[in-house]
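A quick write-up on the structure given underneath.
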Amino acid sequence: QVQLVESGGGLVQAGGSLRLSCAASGRTFSSYAMGWFRQAPGKEREFVTAITRSGGSTDYADSVKGRFTISRDNAKNTVYLQMNSLKPEDTAVYYCAAKNTYNKGGYSPRRGNEYDYWGQGTQVTVSS
């Protein structure tokens, strides 16, 4: 069982930055690919970014490419999402998710139903 706790959300003006963190419990964090998803009011959950278990490969939605950066620190059981040049359309609840890769490398899924564990979410609001 893995528990995920997001933090770092808040209110920011357009053009500003925020860094989200997702702390994971357990001793096998390095076995998990990690992803960030978001859900805006009245919209479906969407993929934002994902990172392989080693951190060697990342994937981004086109809407955030060049503005957001995912990273992880396996020693701290934490994944981060650095968000720069924020836009009002980035406003959403952001969720981190974990996918057990059973130590297979190069896996960073985009589909939410491939993930095994989810955090409770953190609100990000970008004002214009």
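As shown in the structure tokens, the chain order sets the letters A, B, ...; within each chain, residues go from 1, and ligands are also counted from 1 in the order they appear.
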
Stretch 3-52 of chain A residues near stretch 63-67 of chain A within 10 Å, closest pair each, using only C-alpha atoms, as a Markdown table:
```
| residue | atom | partner | partner_atom | distance |
| --- | --- | --- | --- | --- |
| A:Ser17 | CA | A:Arg67 | CA | 9.5 |
| A:Phe47 | CA | A:Ser63 | CA | 9.9 |
| A:Val48 | CA | A:Val64 | CA | 7.0 |
| A:Thr49 | CA | A:Val64 | CA | 8.3 |
```

Give me the residues near A:Gly26 as a compact mmCIF listing (two decimals) with all heavy atoms, in the first residue's frame, where near means some atom within 8 Å (using only C-alpha atoms) and where sequence neighbours in that chain fewer than 4 positions away do not count.
```
# COMPACT_ATOMS: atom_id res chain seq x y z
N GLN A 1 0.84 -1.20 0.00
CA GLN A 1 0.00 0.00 0.00
C GLN A 1 0.87 1.24 0.00
O GLN A 1 1.85 1.31 0.75
CB GLN A 1 -0.90 -0.01 1.24
CG GLN A 1 -1.96 1.07 1.26
CD GLN A 1 -3.15 0.74 0.39
OE1 GLN A 1 -3.23 -0.35 -0.17
NE2 GLN A 1 -4.05 1.68 0.25
N VAL A 2 0.51 2.20 -0.81
CA VAL A 2 1.25 3.46 -0.90
C VAL A 2 0.28 4.61 -0.63
O VAL A 2 -0.82 4.63 -1.18
CB VAL A 2 1.89 3.65 -2.29
CG1 VAL A 2 2.51 5.04 -2.41
CG2 VAL A 2 2.94 2.57 -2.55
N GLN A 3 0.67 5.51 0.22
CA GLN A 3 -0.13 6.71 0.47
C GLN A 3 0.60 7.90 -0.12
O GLN A 3 1.82 8.04 0.05
CB GLN A 3 -0.37 6.90 1.96
CG GLN A 3 -1.30 5.85 2.55
CD GLN A 3 -1.66 6.13 3.99
OE1 GLN A 3 -0.81 6.61 4.76
NE2 GLN A 3 -2.88 5.83 4.37
```

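Contact shell of A:Glu6 at 7 Å (only C-alpha atoms; same-chain neighbours under 5 positions omitted): Leu20, Ser21, Cys22, Ala23, Cys96, Gly119, Gly121 and Thr122 of chain A.
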
Exercise. Can you list, as a PyMOL selection string, every protein, DNA or RNA residue that comes within 10 Å of A:Met34 when you count only C-alpha atoms, leaving out same-chain residues fewer than 2 positions away?
Worked result: chain A and resi 22+29-32+36+49-53+55+58+70-72+78-80+96-101+107-109+115+117-118

Put those residues in a file: C-alpha atoms, as an mmCIF file, in the first residue's frame.
```cif
data_model
loop_
_atom_site.group_PDB
_atom_site.id
_atom_site.type_symbol
_atom_site.label_atom_id
_atom_site.label_comp_id
_atom_site.auth_asym_id
_atom_site.auth_seq_id
_atom_site.Cartn_x
_atom_site.Cartn_y
_atom_site.Cartn_z
ATOM 1 C CA CYS A 22 3.901 14.651 -3.540
ATOM 2 C CA PHE A 29 9.044 4.361 -4.021
ATOM 3 C CA SER A 30 11.732 3.743 -6.607
ATOM 4 C CA SER A 31 9.613 0.928 -8.052
ATOM 5 C CA TYR A 32 6.839 3.317 -8.976
ATOM 6 C CA TRP A 36 0.535 14.246 -12.223
ATOM 7 C CA THR A 49 3.109 14.734 -16.857
ATOM 8 C CA ALA A 50 4.780 11.496 -15.795
ATOM 9 C CA ILE A 51 8.224 10.270 -14.859
ATOM 10 C CA THR A 52 9.815 6.844 -14.912
ATOM 11 C CA ARG A 53 10.799 5.133 -11.699
ATOM 12 C CA GLY A 55 13.629 9.675 -13.196
ATOM 13 C CA THR A 58 9.634 12.167 -18.590
ATOM 14 C CA ILE A 70 8.473 16.941 -13.203
ATOM 15 C CA SER A 71 11.263 15.554 -11.074
ATOM 16 C CA ARG A 72 11.693 13.063 -8.277
ATOM 17 C CA THR A 78 8.952 12.616 -3.233
ATOM 18 C CA VAL A 79 7.943 13.741 -6.698
ATOM 19 C CA TYR A 80 7.765 17.397 -7.649
ATOM 20 C CA CYS A 96 -0.277 12.771 -8.084
ATOM 21 C CA ALA A 97 -0.491 9.085 -8.864
ATOM 22 C CA ALA A 98 1.761 6.059 -8.533
ATOM 23 C CA LYS A 99 2.097 3.062 -10.831
ATOM 24 C CA ASN A 100 3.923 -0.032 -9.628
ATOM 25 C CA THR A 101 6.301 -0.987 -12.430
ATOM 26 C CA TYR A 107 7.415 3.184 -18.029
ATOM 27 C CA SER A 108 5.535 6.438 -17.515
ATOM 28 C CA PRO A 109 1.881 5.965 -18.466
ATOM 29 C CA TYR A 115 -2.130 4.020 -11.936
ATOM 30 C CA TYR A 117 -2.585 4.867 -6.073
ATOM 31 C CA TRP A 118 -3.769 8.452 -5.955
#
```

For this session: Write out as a list in words all residues of stretch 60-116 of chain A that backbone DSSP assigns to strand (DSSP E).
Result: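 So, restricting stretch 60-116 of chain A to strand (DSSP E), we get Tyr60, Phe68, Thr69, Ile70, Ser71, Arg72, Asp73, Thr78, Val79, Tyr80, Leu81, Gln82, Met83, Ala92, Val93, Tyr94, Tyr95, Cys96, Ala97, Ala98, Lys99 and Asn100 of chain A.
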
For this session: Choose the residue, out of A:Met83, A:Val93, A:Val124, A:Ala40, that has the smallest atom-to-atom separation from A:Arg19; count only C-alpha atoms.
Result: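 Among the listed residues, A:Met83 lies closest to A:Arg19.
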
Exercise. Using only C-alpha atoms, which residues sit within 6 Å of A:Arg38 once same-chain residues fewer than 6 positions away are excluded, as a list in words?
Worked result: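 Counting only C-alpha atoms, the residues come to Arg45, Glu46, Ala92, Val93, Tyr94 and Tyr95 of chain A.
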
Env of A:Glu89: 10 Å cut, atoms = only C-alpha atoms, seq-sep filter 5 positions within chain, self excluded. Answer as a CSV table (one decimal) with N, CA, C and O atoms, in the first residue's frame.
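Below is the file that was written, selection12.csv:
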```
chain,number,residue,atom,x,y,z
A,14,ALA,N,-1.4,35.0,-13.0
A,14,ALA,CA,-0.9,34.5,-14.3
A,14,ALA,C,0.5,35.0,-14.5
A,14,ALA,O,0.9,36.1,-14.2
A,40,ALA,N,-10.2,20.2,-13.8
A,40,ALA,CA,-10.8,21.5,-13.6
A,40,ALA,C,-12.3,21.3,-13.4
A,40,ALA,O,-12.9,20.3,-13.8
A,63,SER,N,0.0,20.8,-23.6
A,63,SER,CA,-0.5,22.1,-23.0
A,63,SER,C,0.5,22.6,-21.9
A,63,SER,O,0.4,23.8,-21.6
A,125,THR,N,-5.0,27.6,-8.2
A,125,THR,CA,-5.8,28.6,-8.8
A,125,THR,C,-5.0,29.7,-9.4
A,125,THR,O,-4.1,30.3,-8.7
A,126,VAL,N,-5.1,30.0,-10.7
A,126,VAL,CA,-4.3,31.0,-11.4
A,126,VAL,C,-5.3,32.2,-11.8
A,126,VAL,O,-6.2,32.0,-12.5
A,127,SER,N,-5.0,33.3,-11.2
A,127,SER,CA,-5.9,34.5,-11.5
A,127,SER,C,-5.3,35.3,-12.7
A,127,SER,O,-4.1,35.4,-12.9
A,128,SER,N,-6.2,35.9,-13.4
A,128,SER,CA,-5.8,36.6,-14.6
A,128,SER,C,-5.6,38.1,-14.3
A,128,SER,O,-5.8,38.6,-13.2
```

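Going from atom CA of A:Asp59 over to atom CA of A:Arg110, you cover 8.2 Å.
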
Problem set entry | Pick from A:Ser85, A:Gln123, A:Asp90, A:Pro41 nearest to A:Gly10, counting only C-alpha atoms | A:Gln123

For this session: Work out how far atom CA of A:Gln120 is from atom CA of A:Ser25, in Å to one decimal.
Result: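 Interatomic distance, atom CA of A:Ser25 to atom CA of A:Gln120: 13.8 Å.
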
Exercise. What is the atom CA of A:Ser57 to atom CA of A:Lys43 distance in Å?
Worked result: 28.2 Å

Problem set entry | Residue nearest A:Ser7 among A:Tyr60, A:Leu81, A:Thr69, A:Gly35 (counting only C-alpha atoms) |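 Of A:Tyr60, A:Leu81, A:Thr69, A:Gly35, the one nearest A:Ser7, counting only C-alpha atoms, is A:Leu81.
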